[in-house]
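One structure is given here, and the rest of the page talks about it.
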Amino acid sequence: MKLLKRIFLTLLVLSLLLGAAAGWWVLRPLPLVTPTVDLSIAPQTPVRGIAQAAVEAGIEVQPELLYVLFRLSGQSRKLRAGSYEITQGNTALDVLRKLTRGEESLKAITLIDGWTFRQFRAALDKAEGLKHDTRQLSDSELMEKLGLPDVAPEGRFFPDTYTYGKGTSELHVMQRAANAMVKQLAAAWGQRAGGLQVKTQEQALILASIIEKETGRESDRTTISRVFHNRLAIDMPLQTDPTVIYGLGESFDGNLRRTDLRTDHPWNTYTRKGLPITPIAMPGRNALLAAVKPANSRALYFVARGDGTSEFSVTLDAHNAAVNRYQRRASAAQAASGQ
């Protein structure tokens, strides 16, 4: 009996010591090869593979210890794939919590209202942490991979901020932005007013892109939309500079000339009536709504005042007077500044 008691006590003490050691190990800061370690877990990685990946990423422990922790925690089936950031001071328990809660270290890319598709691709190419798997694809090849064959890419992506984990495919981000535009366009179309000159969602998207490029002043968007609707209603050319500039592409040097307005191409709304053949930029939510919910106005003309707002006119004479007035004001301001 004494021997059995001694064995029992010995085992109890060993268990307590092992428990204390395990508790100490689980709660102590993990040694890292660098102050911050990026841990990427691929989908379908087994538990032992996750433990090994943590060590290979730069957590200086035996992978078996992490494996045992994951298993004994009872949460091994809850470990999630993703990109995680392990920093100095994090414990093994912190790692377990991050992996089970899916607390990924996310980066973000912001698409700006009014950007062109070329600007979108350039931003993706510079985005840190993305898998740059579209660089060698042409625009048409890329759209086909997104499930939009034979669709022009311009205007098809919704400007917003998109978060992603390290190693995420550029295609994945583009797919999210494309899906978001489909939803936002449909939502705006569902709120459309009656008597519109745009008859389809496609036409609304094109008009919204023009409105987006014409002004950043929210108070003017719906009235500018009405001007374009009024012109379409009487078969008057839209005569909007942003479409001409878009058609010039990379050859545009910042100075729009008279000859540019006279040179015909599919986006020149001075030489062609109606809407251009594609959007000219990525319109935001407010531009989409403005395209289908224009203000009540008889205006057919508008000119920039120079302060971000526009002057609207019903007649050509009133418009010409406004143009002269604001051009003189701009000339006087340039003279005063010595330009």
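Chain labels run A, B, ... following the order of the structure tokens; each chain numbers its residues from 1, and ligands are numbered from 1 in the order shown.
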
All residues 7 Å or closer to stretch 150-157 of chain A, only C-alpha atoms, same chain fewer than 4 positions away omitted, as JSON, numbers by chain: {"A": [116, 117, 139, 140, 143, 177, 178, 181, 209, 278, 279, 280, 281, 282, 283]}

Go ahead and save the picked residues with N, CA, C and O atoms, as a PDB file, in the first residue's frame.
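New file out_23.pdb:
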```pdb
ATOM      1  N   THR A 116     -10.208  54.960 -64.315  1.00  0.00           N
ATOM      2  CA  THR A 116     -10.371  54.133 -65.501  1.00  0.00           C
ATOM      3  C   THR A 116      -9.882  52.726 -65.194  1.00  0.00           C
ATOM      4  O   THR A 116      -9.227  52.483 -64.168  1.00  0.00           O
ATOM      5  N   PHE A 117     -10.183  51.820 -66.105  1.00  0.00           N
ATOM      6  CA  PHE A 117      -9.732  50.445 -65.930  1.00  0.00           C
ATOM      7  C   PHE A 117      -8.213  50.374 -65.939  1.00  0.00           C
ATOM      8  O   PHE A 117      -7.618  49.567 -65.216  1.00  0.00           O
ATOM      9  N   ASP A 139      -6.769  42.679 -71.703  1.00  0.00           N
ATOM     10  CA  ASP A 139      -8.059  43.055 -71.126  1.00  0.00           C
ATOM     11  C   ASP A 139      -9.138  42.034 -71.476  1.00  0.00           C
ATOM     12  O   ASP A 139      -9.938  41.640 -70.620  1.00  0.00           O
ATOM     13  N   SER A 140      -9.160  41.588 -72.720  1.00  0.00           N
ATOM     14  CA  SER A 140     -10.186  40.639 -73.146  1.00  0.00           C
ATOM     15  C   SER A 140     -10.002  39.276 -72.476  1.00  0.00           C
ATOM     16  O   SER A 140     -10.987  38.638 -72.076  1.00  0.00           O
ATOM     17  N   MET A 143     -11.239  39.639 -68.844  1.00  0.00           N
ATOM     18  CA  MET A 143     -12.698  39.659 -68.726  1.00  0.00           C
ATOM     19  C   MET A 143     -13.293  38.277 -68.951  1.00  0.00           C
ATOM     20  O   MET A 143     -14.297  37.904 -68.329  1.00  0.00           O
ATOM     21  N   ALA A 177     -15.035  43.170 -57.132  1.00  0.00           N
ATOM     22  CA  ALA A 177     -15.386  44.514 -57.599  1.00  0.00           C
ATOM     23  C   ALA A 177     -16.398  44.446 -58.737  1.00  0.00           C
ATOM     24  O   ALA A 177     -17.304  45.288 -58.829  1.00  0.00           O
ATOM     25  N   ALA A 178     -16.258  43.440 -59.610  1.00  0.00           N
ATOM     26  CA  ALA A 178     -17.207  43.278 -60.712  1.00  0.00           C
ATOM     27  C   ALA A 178     -18.586  42.886 -60.185  1.00  0.00           C
ATOM     28  O   ALA A 178     -19.612  43.419 -60.631  1.00  0.00           O
ATOM     29  N   MET A 181     -20.295  45.897 -58.675  1.00  0.00           N
ATOM     30  CA  MET A 181     -20.881  46.823 -59.649  1.00  0.00           C
ATOM     31  C   MET A 181     -22.214  46.295 -60.163  1.00  0.00           C
ATOM     32  O   MET A 181     -23.174  47.070 -60.339  1.00  0.00           O
ATOM     33  N   SER A 209     -21.033  57.038 -65.766  1.00  0.00           N
ATOM     34  CA  SER A 209     -19.587  57.243 -65.865  1.00  0.00           C
ATOM     35  C   SER A 209     -19.266  58.647 -66.366  1.00  0.00           C
ATOM     36  O   SER A 209     -18.276  59.254 -65.939  1.00  0.00           O
ATOM     37  N   THR A 278     -19.092  52.713 -74.743  1.00  0.00           N
ATOM     38  CA  THR A 278     -18.800  52.079 -73.456  1.00  0.00           C
ATOM     39  C   THR A 278     -18.762  53.148 -72.373  1.00  0.00           C
ATOM     40  O   THR A 278     -18.687  54.348 -72.674  1.00  0.00           O
ATOM     41  N   PRO A 279     -18.788  52.740 -71.107  1.00  0.00           N
ATOM     42  CA  PRO A 279     -18.499  53.705 -70.039  1.00  0.00           C
ATOM     43  C   PRO A 279     -17.091  54.263 -70.218  1.00  0.00           C
ATOM     44  O   PRO A 279     -16.271  53.696 -70.946  1.00  0.00           O
ATOM     45  N   ILE A 280     -16.807  55.368 -69.553  1.00  0.00           N
ATOM     46  CA  ILE A 280     -15.478  55.977 -69.657  1.00  0.00           C
ATOM     47  C   ILE A 280     -14.734  55.950 -68.326  1.00  0.00           C
ATOM     48  O   ILE A 280     -13.604  56.427 -68.248  1.00  0.00           O
ATOM     49  N   ALA A 281     -15.343  55.405 -67.288  1.00  0.00           N
ATOM     50  CA  ALA A 281     -14.714  55.360 -65.963  1.00  0.00           C
ATOM     51  C   ALA A 281     -15.560  54.493 -65.049  1.00  0.00           C
ATOM     52  O   ALA A 281     -16.612  53.987 -65.448  1.00  0.00           O
ATOM     53  N   MET A 282     -15.106  54.326 -63.809  1.00  0.00           N
ATOM     54  CA  MET A 282     -15.861  53.589 -62.805  1.00  0.00           C
ATOM     55  C   MET A 282     -16.735  54.568 -62.025  1.00  0.00           C
ATOM     56  O   MET A 282     -16.218  55.350 -61.224  1.00  0.00           O
ATOM     57  N   PRO A 283     -18.036  54.560 -62.240  1.00  0.00           N
ATOM     58  CA  PRO A 283     -18.898  55.470 -61.483  1.00  0.00           C
ATOM     59  C   PRO A 283     -19.179  54.947 -60.078  1.00  0.00           C
ATOM     60  O   PRO A 283     -19.327  53.745 -59.871  1.00  0.00           O
TER      61      PRO A 283
END
```

Show me, as an MDAnalysis selection string, the residues that have an atom within 12 Å of A:Lys199 when counting only C-alpha atoms, minus same-chain residues fewer than 4 positions from it. chainID A and resid 189 192:195 203:207 229 232 275 291:292

Dump all heavy atoms for the selected residues as an mmCIF file, in the first residue's frame?
```cif
data_model
loop_
_atom_site.group_PDB
_atom_site.id
_atom_site.type_symbol
_atom_site.label_atom_id
_atom_site.label_comp_id
_atom_site.auth_asym_id
_atom_site.auth_seq_id
_atom_site.Cartn_x
_atom_site.Cartn_y
_atom_site.Cartn_z
ATOM 1 N N TRP A 189 -30.844 50.982 -60.573
ATOM 2 C CA TRP A 189 -31.856 50.826 -61.614
ATOM 3 C C TRP A 189 -33.234 50.570 -61.004
ATOM 4 O O TRP A 189 -34.257 51.015 -61.529
ATOM 5 C CB TRP A 189 -31.455 49.684 -62.545
ATOM 6 C CG TRP A 189 -32.327 49.540 -63.760
ATOM 7 C CD1 TRP A 189 -33.190 48.519 -64.037
ATOM 8 C CD2 TRP A 189 -32.405 50.438 -64.875
ATOM 9 N NE1 TRP A 189 -33.797 48.714 -65.247
ATOM 10 C CE2 TRP A 189 -33.342 49.886 -65.792
ATOM 11 C CE3 TRP A 189 -31.784 51.646 -65.184
ATOM 12 C CZ2 TRP A 189 -33.668 50.510 -66.995
ATOM 13 C CZ3 TRP A 189 -32.107 52.265 -66.387
ATOM 14 C CH2 TRP A 189 -33.032 51.706 -67.272
ATOM 15 N N ARG A 192 -35.059 53.837 -60.327
ATOM 16 C CA ARG A 192 -35.104 54.793 -61.440
ATOM 17 C C ARG A 192 -36.434 55.543 -61.504
ATOM 18 O O ARG A 192 -37.491 55.003 -61.173
ATOM 19 C CB ARG A 192 -34.851 54.079 -62.764
ATOM 20 C CG ARG A 192 -35.910 53.082 -63.183
ATOM 21 C CD ARG A 192 -35.427 52.286 -64.396
ATOM 22 N NE ARG A 192 -36.430 51.344 -64.886
ATOM 23 C CZ ARG A 192 -36.650 50.150 -64.375
ATOM 24 N NH1 ARG A 192 -35.954 49.746 -63.314
ATOM 25 N NH2 ARG A 192 -37.568 49.343 -64.904
ATOM 26 N N ALA A 193 -36.344 56.769 -61.956
ATOM 27 C CA ALA A 193 -37.526 57.594 -62.149
ATOM 28 C C ALA A 193 -38.176 57.241 -63.485
ATOM 29 O O ALA A 193 -37.603 56.531 -64.314
ATOM 30 C CB ALA A 193 -37.129 59.070 -62.125
ATOM 31 N N GLY A 194 -39.357 57.748 -63.700
ATOM 32 C CA GLY A 194 -40.043 57.510 -64.963
ATOM 33 C C GLY A 194 -39.580 58.485 -66.030
ATOM 34 O O GLY A 194 -39.008 59.540 -65.740
ATOM 35 N N GLY A 195 -39.818 58.149 -67.289
ATOM 36 C CA GLY A 195 -39.521 59.045 -68.387
ATOM 37 C C GLY A 195 -38.050 59.239 -68.683
ATOM 38 O O GLY A 195 -37.652 60.279 -69.227
ATOM 39 N N GLN A 203 -27.024 51.396 -70.519
ATOM 40 C CA GLN A 203 -27.034 52.821 -70.849
ATOM 41 C C GLN A 203 -26.897 53.670 -69.586
ATOM 42 O O GLN A 203 -26.217 54.703 -69.598
ATOM 43 C CB GLN A 203 -28.313 53.175 -71.596
ATOM 44 C CG GLN A 203 -28.403 52.578 -72.979
ATOM 45 C CD GLN A 203 -29.708 52.920 -73.677
ATOM 46 O OE1 GLN A 203 -30.655 53.415 -73.056
ATOM 47 N NE2 GLN A 203 -29.779 52.652 -74.976
ATOM 48 N N ALA A 204 -27.536 53.240 -68.506
ATOM 49 C CA ALA A 204 -27.427 53.974 -67.243
ATOM 50 C C ALA A 204 -25.985 53.982 -66.740
ATOM 51 O O ALA A 204 -25.496 54.990 -66.213
ATOM 52 C CB ALA A 204 -28.349 53.354 -66.195
ATOM 53 N N LEU A 205 -25.285 52.849 -66.910
ATOM 54 C CA LEU A 205 -23.890 52.758 -66.484
ATOM 55 C C LEU A 205 -23.017 53.716 -67.291
ATOM 56 O O LEU A 205 -22.144 54.392 -66.741
ATOM 57 C CB LEU A 205 -23.396 51.321 -66.654
ATOM 58 C CG LEU A 205 -21.951 51.040 -66.259
ATOM 59 C CD1 LEU A 205 -21.729 51.302 -64.766
ATOM 60 C CD2 LEU A 205 -21.564 49.599 -66.606
ATOM 61 N N ILE A 206 -23.251 53.773 -68.598
ATOM 62 C CA ILE A 206 -22.467 54.675 -69.449
ATOM 63 C C ILE A 206 -22.709 56.123 -69.041
ATOM 64 O O ILE A 206 -21.757 56.907 -68.887
ATOM 65 C CB ILE A 206 -22.831 54.456 -70.929
ATOM 66 C CG1 ILE A 206 -22.405 53.061 -71.381
ATOM 67 C CG2 ILE A 206 -22.164 55.518 -71.803
ATOM 68 C CD1 ILE A 206 -22.878 52.680 -72.775
ATOM 69 N N LEU A 207 -23.976 56.494 -68.858
ATOM 70 C CA LEU A 207 -24.282 57.868 -68.473
ATOM 71 C C LEU A 207 -23.701 58.197 -67.101
ATOM 72 O O LEU A 207 -23.156 59.291 -66.889
ATOM 73 C CB LEU A 207 -25.796 58.090 -68.467
ATOM 74 C CG LEU A 207 -26.261 59.495 -68.087
ATOM 75 C CD1 LEU A 207 -25.651 60.548 -68.996
ATOM 76 C CD2 LEU A 207 -27.785 59.582 -68.096
ATOM 77 N N HIS A 229 -30.050 64.094 -70.105
ATOM 78 C CA HIS A 229 -31.343 63.511 -70.465
ATOM 79 C C HIS A 229 -32.103 64.444 -71.402
ATOM 80 O O HIS A 229 -32.726 63.988 -72.376
ATOM 81 C CB HIS A 229 -32.164 63.239 -69.199
ATOM 82 C CG HIS A 229 -31.828 61.953 -68.515
ATOM 83 N ND1 HIS A 229 -32.293 60.729 -68.939
ATOM 84 C CD2 HIS A 229 -31.060 61.694 -67.429
ATOM 85 C CE1 HIS A 229 -31.836 59.774 -68.144
ATOM 86 N NE2 HIS A 229 -31.081 60.340 -67.210
ATOM 87 N N LEU A 232 -30.529 64.199 -74.858
ATOM 88 C CA LEU A 232 -30.893 62.941 -75.514
ATOM 89 C C LEU A 232 -32.335 62.983 -76.014
ATOM 90 O O LEU A 232 -32.647 62.425 -77.084
ATOM 91 C CB LEU A 232 -30.705 61.771 -74.554
ATOM 92 C CG LEU A 232 -29.260 61.399 -74.194
ATOM 93 C CD1 LEU A 232 -29.239 60.406 -73.035
ATOM 94 C CD2 LEU A 232 -28.518 60.823 -75.398
ATOM 95 N N LEU A 275 -25.190 58.226 -76.617
ATOM 96 C CA LEU A 275 -24.170 57.822 -75.655
ATOM 97 C C LEU A 275 -22.975 57.192 -76.364
ATOM 98 O O LEU A 275 -23.130 56.619 -77.443
ATOM 99 C CB LEU A 275 -24.750 56.813 -74.661
ATOM 100 C CG LEU A 275 -25.853 57.323 -73.738
ATOM 101 C CD1 LEU A 275 -26.562 56.143 -73.069
ATOM 102 C CD2 LEU A 275 -25.284 58.258 -72.677
ATOM 103 N N ALA A 291 -27.734 59.183 -62.469
ATOM 104 C CA ALA A 291 -28.045 58.840 -63.856
ATOM 105 C C ALA A 291 -29.498 58.429 -64.029
ATOM 106 O O ALA A 291 -30.098 58.667 -65.091
ATOM 107 C CB ALA A 291 -27.126 57.727 -64.335
ATOM 108 N N VAL A 292 -30.083 57.817 -63.005
ATOM 109 C CA VAL A 292 -31.455 57.305 -63.125
ATOM 110 C C VAL A 292 -32.466 58.106 -62.316
ATOM 111 O O VAL A 292 -33.666 57.847 -62.388
ATOM 112 C CB VAL A 292 -31.515 55.818 -62.696
ATOM 113 C CG1 VAL A 292 -30.653 54.973 -63.621
ATOM 114 C CG2 VAL A 292 -31.076 55.642 -61.249
#
```

At a cut-off of 9 Å, using only C-alpha atoms, what residues contact stretch 319-323 of chain A? Leave out same-chain residues fewer than 2 positions from it and give the result as a PyMOL selection string. chain A and resi 300-305+311-317+325-328

Contacts of A:Val55 at 12 Å (only C-alpha atoms; same-chain gap of 6+ positions) as a PyMOL selection string: chain A and resi 30-33+37-41+48-49+61-67+86+92+95

Using DSSP assignments from the backbone, pull out every residue in stretch 70-163 of chain A that falls under helix (DSSP H, G or I) and give it to me as a PyMOL selection string. chain A and resi 70-72+76-78+92-101+117-126+139-145

May I ask for the distance between atom CA of A:Lys273 and atom CA of A:Asp241, given in Å to one decimal place? 13.7 Å

Quick one: everything within 9 Å of stretch 256-269 of chain A, counting only C-alpha atoms, minus sequence neighbours fewer than 4 positions away in the same chain. Send it as a ChimeraX atom specification. /A:237-241,243-248,252,273-278,280

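With only C-alpha atoms as the atoms that count, the minimum distance from A:Arg298 to the choices A:Ser251, A:Gln52, A:Asn230, A:Ser310 is reached by A:Asn230.
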
Shell around A:Leu171 at 9 Å using only C-alpha atoms, local window under 2 positions removed, as a VMD selection string: chain A and resid 131 to 134 142 145 to 146 168 to 169 173 to 176

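Within stretch 70-267 of chain A, DSSP applied to the backbone places the following residues in strand (DSSP E or B): Gly82, Ser83, Tyr84, Glu85, Ile86, Thr87, Thr91, Leu106, Lys107, Ala108, Ile109, Thr110, Lys131, Thr161, Tyr162, Thr163, Tyr164, Gly165 and Ser169 of chain A.
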
Find, counting only C-alpha atoms, the residue in A:Ile234, A:Leu196, A:Ala81, A:Ala122 that gets nearest to A:Arg101.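 Closest to A:Arg101 of all the choices is A:Ala81.
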
Coordinates-based distance that separates atom CA of A:Ala188 from atom CA of A:Tyr270 (Å, one decimal): 28.0 Å

Mind giving me the straight-line distance from atom CA of A:Ala51 to atom CA of A:Asn90 in Å, one decimal?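 About the pair atom CA of A:Ala51 and atom CA of A:Asn90: they are 15.5 Å apart.
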
Could you give me, as CSV, a per-residue list for stretch 14-88 of chain A showing, wherever an atom lies at most 8 Å from an atom of stretch 104-112 of chain A, the closest pair of atoms and their distance in Å to one decimal, using only C-alpha atoms and sorting by chain then residue number from low to high?
```
residue,atom,partner,partner_atom,distance
A:Gly82,CA,A:Glu104,CA,6.2
A:Ser83,CA,A:Glu104,CA,5.3
A:Tyr84,CA,A:Glu104,CA,4.6
A:Glu85,CA,A:Ser105,CA,5.4
```

File of the preceding selection, C-alpha atoms, as a JSON list (two decimals), in the first residue's frame:
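Output file out25.json follows:
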```
[["chain", "number", "residue", "atom", "x", "y", "z"],
["A", 82, "GLY", "CA", -5.86, 32.51, -44.34],
["A", 83, "SER", "CA", -3.06, 34.99, -43.83],
["A", 84, "TYR", "CA", -2.12, 35.78, -40.23],
["A", 85, "GLU", "CA", 0.30, 38.15, -38.59]]
```

Might you pull out every residue within 8 Å of A:Ser297, with only C-alpha atoms counted and same-chain residues fewer than 6 positions away left off, and present them as a list in words? Thr223, Arg226 and Val227 of chain A

Could you save the residues just selected, with all heavy atoms, as a short mmCIF file (atom, residue, chain, number, x, y, z; two decimals), in the first residue's frame?
```cif
data_model
loop_
_atom_site.label_atom_id
_atom_site.label_comp_id
_atom_site.auth_asym_id
_atom_site.auth_seq_id
_atom_site.Cartn_x
_atom_site.Cartn_y
_atom_site.Cartn_z
N THR A 223 -28.47 67.50 -61.59
CA THR A 223 -28.81 68.49 -62.61
C THR A 223 -28.02 68.25 -63.89
O THR A 223 -28.54 68.40 -65.00
CB THR A 223 -28.57 69.92 -62.09
OG1 THR A 223 -29.22 70.08 -60.83
CG2 THR A 223 -29.15 70.95 -63.06
N ARG A 226 -29.72 65.63 -65.64
CA ARG A 226 -30.90 66.12 -66.34
C ARG A 226 -30.52 66.81 -67.64
O ARG A 226 -31.22 66.67 -68.65
CB ARG A 226 -31.69 67.06 -65.44
CG ARG A 226 -32.89 67.72 -66.12
CD ARG A 226 -33.83 66.69 -66.76
NE ARG A 226 -34.51 65.90 -65.76
CZ ARG A 226 -35.29 64.86 -66.05
NH1 ARG A 226 -35.44 64.48 -67.32
NH2 ARG A 226 -35.88 64.18 -65.09
N VAL A 227 -29.43 67.56 -67.65
CA VAL A 227 -28.97 68.19 -68.89
C VAL A 227 -28.77 67.15 -69.97
O VAL A 227 -29.22 67.31 -71.12
CB VAL A 227 -27.67 68.99 -68.66
CG1 VAL A 227 -27.03 69.38 -70.00
CG2 VAL A 227 -27.94 70.23 -67.83
#
```
